[in-house]
>>> print(open('coords-v4.txt').read())   # compact mmCIF, C-alpha atoms
# COMPACT_ATOMS: atom_id res chain seq x y z
CA MET A 1 14.71 -16.59 49.04
CA ARG A 2 11.88 -18.06 51.05
CA HIS A 3 10.80 -20.28 48.17
CA TRP A 4 14.37 -21.55 47.73
CA ARG A 5 14.68 -22.17 51.46
CA GLU A 6 11.44 -24.16 51.53
CA ARG A 7 12.55 -26.18 48.53
CA GLU A 8 15.92 -26.96 50.06
CA PHE A 9 14.31 -27.81 53.41
CA GLU A 10 12.17 -30.38 51.63
CA ARG A 11 15.34 -31.80 50.07
CA ARG A 12 16.99 -31.75 53.51
CA PHE A 13 19.69 -29.36 52.31
CA ARG A 14 21.47 -31.83 50.07
CA GLN A 15 23.88 -29.20 48.94
CA ARG A 16 25.95 -27.83 51.81
CA ARG A 17 26.85 -24.73 49.80
CA CYS A 18 23.18 -23.82 49.43
CA ALA A 19 22.56 -24.35 53.15
CA ASN A 20 25.54 -22.16 54.02
CA GLY A 21 24.39 -19.45 51.62
CA LEU A 22 20.89 -19.42 53.06
CA GLY A 23 22.32 -19.26 56.57
CA PHE A 24 24.51 -16.32 55.55
CA TRP A 25 21.51 -14.55 54.07
CA ALA A 26 19.39 -15.28 57.16
CA PHE A 27 22.07 -13.75 59.38
CA PHE A 28 21.90 -10.47 57.49
CA ALA A 29 18.14 -10.55 56.91
CA SER A 30 17.48 -10.77 60.65
CA ARG A 31 19.54 -7.61 61.24
CA PRO A 32 17.95 -4.76 59.23
CA ALA A 33 20.70 -2.18 59.79
CA LEU A 34 23.43 -4.64 58.82
CA TYR A 35 21.37 -5.85 55.83
CA ARG A 36 20.93 -2.25 54.67
CA LEU A 37 24.66 -1.59 55.00
CA ALA A 38 25.60 -4.80 53.17
CA THR A 39 23.18 -4.19 50.30
CA ASN A 40 24.38 -0.60 49.99
CA ILE A 41 27.99 -1.77 49.75
CA ALA A 42 27.02 -4.54 47.30
CA ALA A 43 25.16 -2.06 45.09
CA ARG A 44 28.20 0.22 44.98
CA VAL A 45 30.52 -2.68 44.14
CA LEU A 46 28.18 -3.85 41.37
CA HIS A 47 28.00 -0.30 40.04
CA LEU A 48 31.78 -0.18 39.86
CA ALA A 49 31.93 -3.67 38.33
CA GLY A 50 29.47 -2.59 35.66
CA ARG A 51 31.56 0.48 35.01
CA GLY A 52 28.50 2.67 35.41
CA LYS A 53 27.03 1.32 32.19
CA GLY A 54 24.51 -1.01 33.78
CA ARG A 55 26.06 -4.18 32.40
CA PHE A 56 28.82 -6.64 33.19
CA ALA A 57 31.48 -8.27 31.09
CA SER A 58 31.43 -11.13 33.61
CA LEU A 59 29.79 -11.82 36.95
CA PRO A 60 31.72 -14.40 38.99
CA PHE A 61 29.73 -16.62 41.37
CA ALA A 62 26.40 -15.71 39.78
CA GLY A 63 26.70 -17.22 36.32
CA GLY A 64 23.81 -19.59 36.94
CA TRP A 65 21.44 -16.70 37.65
CA THR A 66 22.54 -14.39 34.89
CA GLY A 67 23.74 -16.64 32.11
CA LEU A 68 27.13 -14.94 32.40
CA SER A 69 30.23 -16.65 33.68
>>> encode(input="coords-v4.txt", output="structure tokens")
Amino acid sequence: MRHWREREFERRFRQRRCANGLGFWAFFASRPALYRLATNIAARVLHLAGRGKGRFASLPFAGGWTGLS
């Protein structure tokens, strides 16, 4: 995340969506208990989405990272 933030800072946050996403992440990252809770919930949701098999049929909003859409 830090690398992406530095890269986007150099670009002056041309993409508002990226700036908003980094701000959202920074909010949670600066609050360890909340970050822990959020990641725990996210892990459970991903587990359910993967049907316990460790894979996804699709992964909305993260297609660029995973190659899935």
>>> atom_distance(input="coords-v4.txt", atom1="CA of Cys18 (chain A)", atom2="CA of Leu48 (chain A)")
26.9 Å
>>> atom_distance(input="coords-v4.txt", atom1="CA of Met1 (chain A)", atom2="CA of Leu22 (chain A)")
7.9 Å
>>> atom_distance(input="coords-v4.txt", atom1="CA of Ala49 (chain A)", atom2="CA of Arg16 (chain A)")
28.3 Å
>>> closest_residue(input="coords-v4.txt", among="A:Ala38, A:Val45, A:Ser30, A:Gly23", to="Arg5 (chain A)", atoms="all atoms listed in the file")
A:Gly23
>>> closest_residue(input="coords-v4.txt", among="A:His47, A:Ala42, A:Trp4, A:Pro32", to="Ala19 (chain A)", atoms="all atoms listed in the file")
A:Trp4
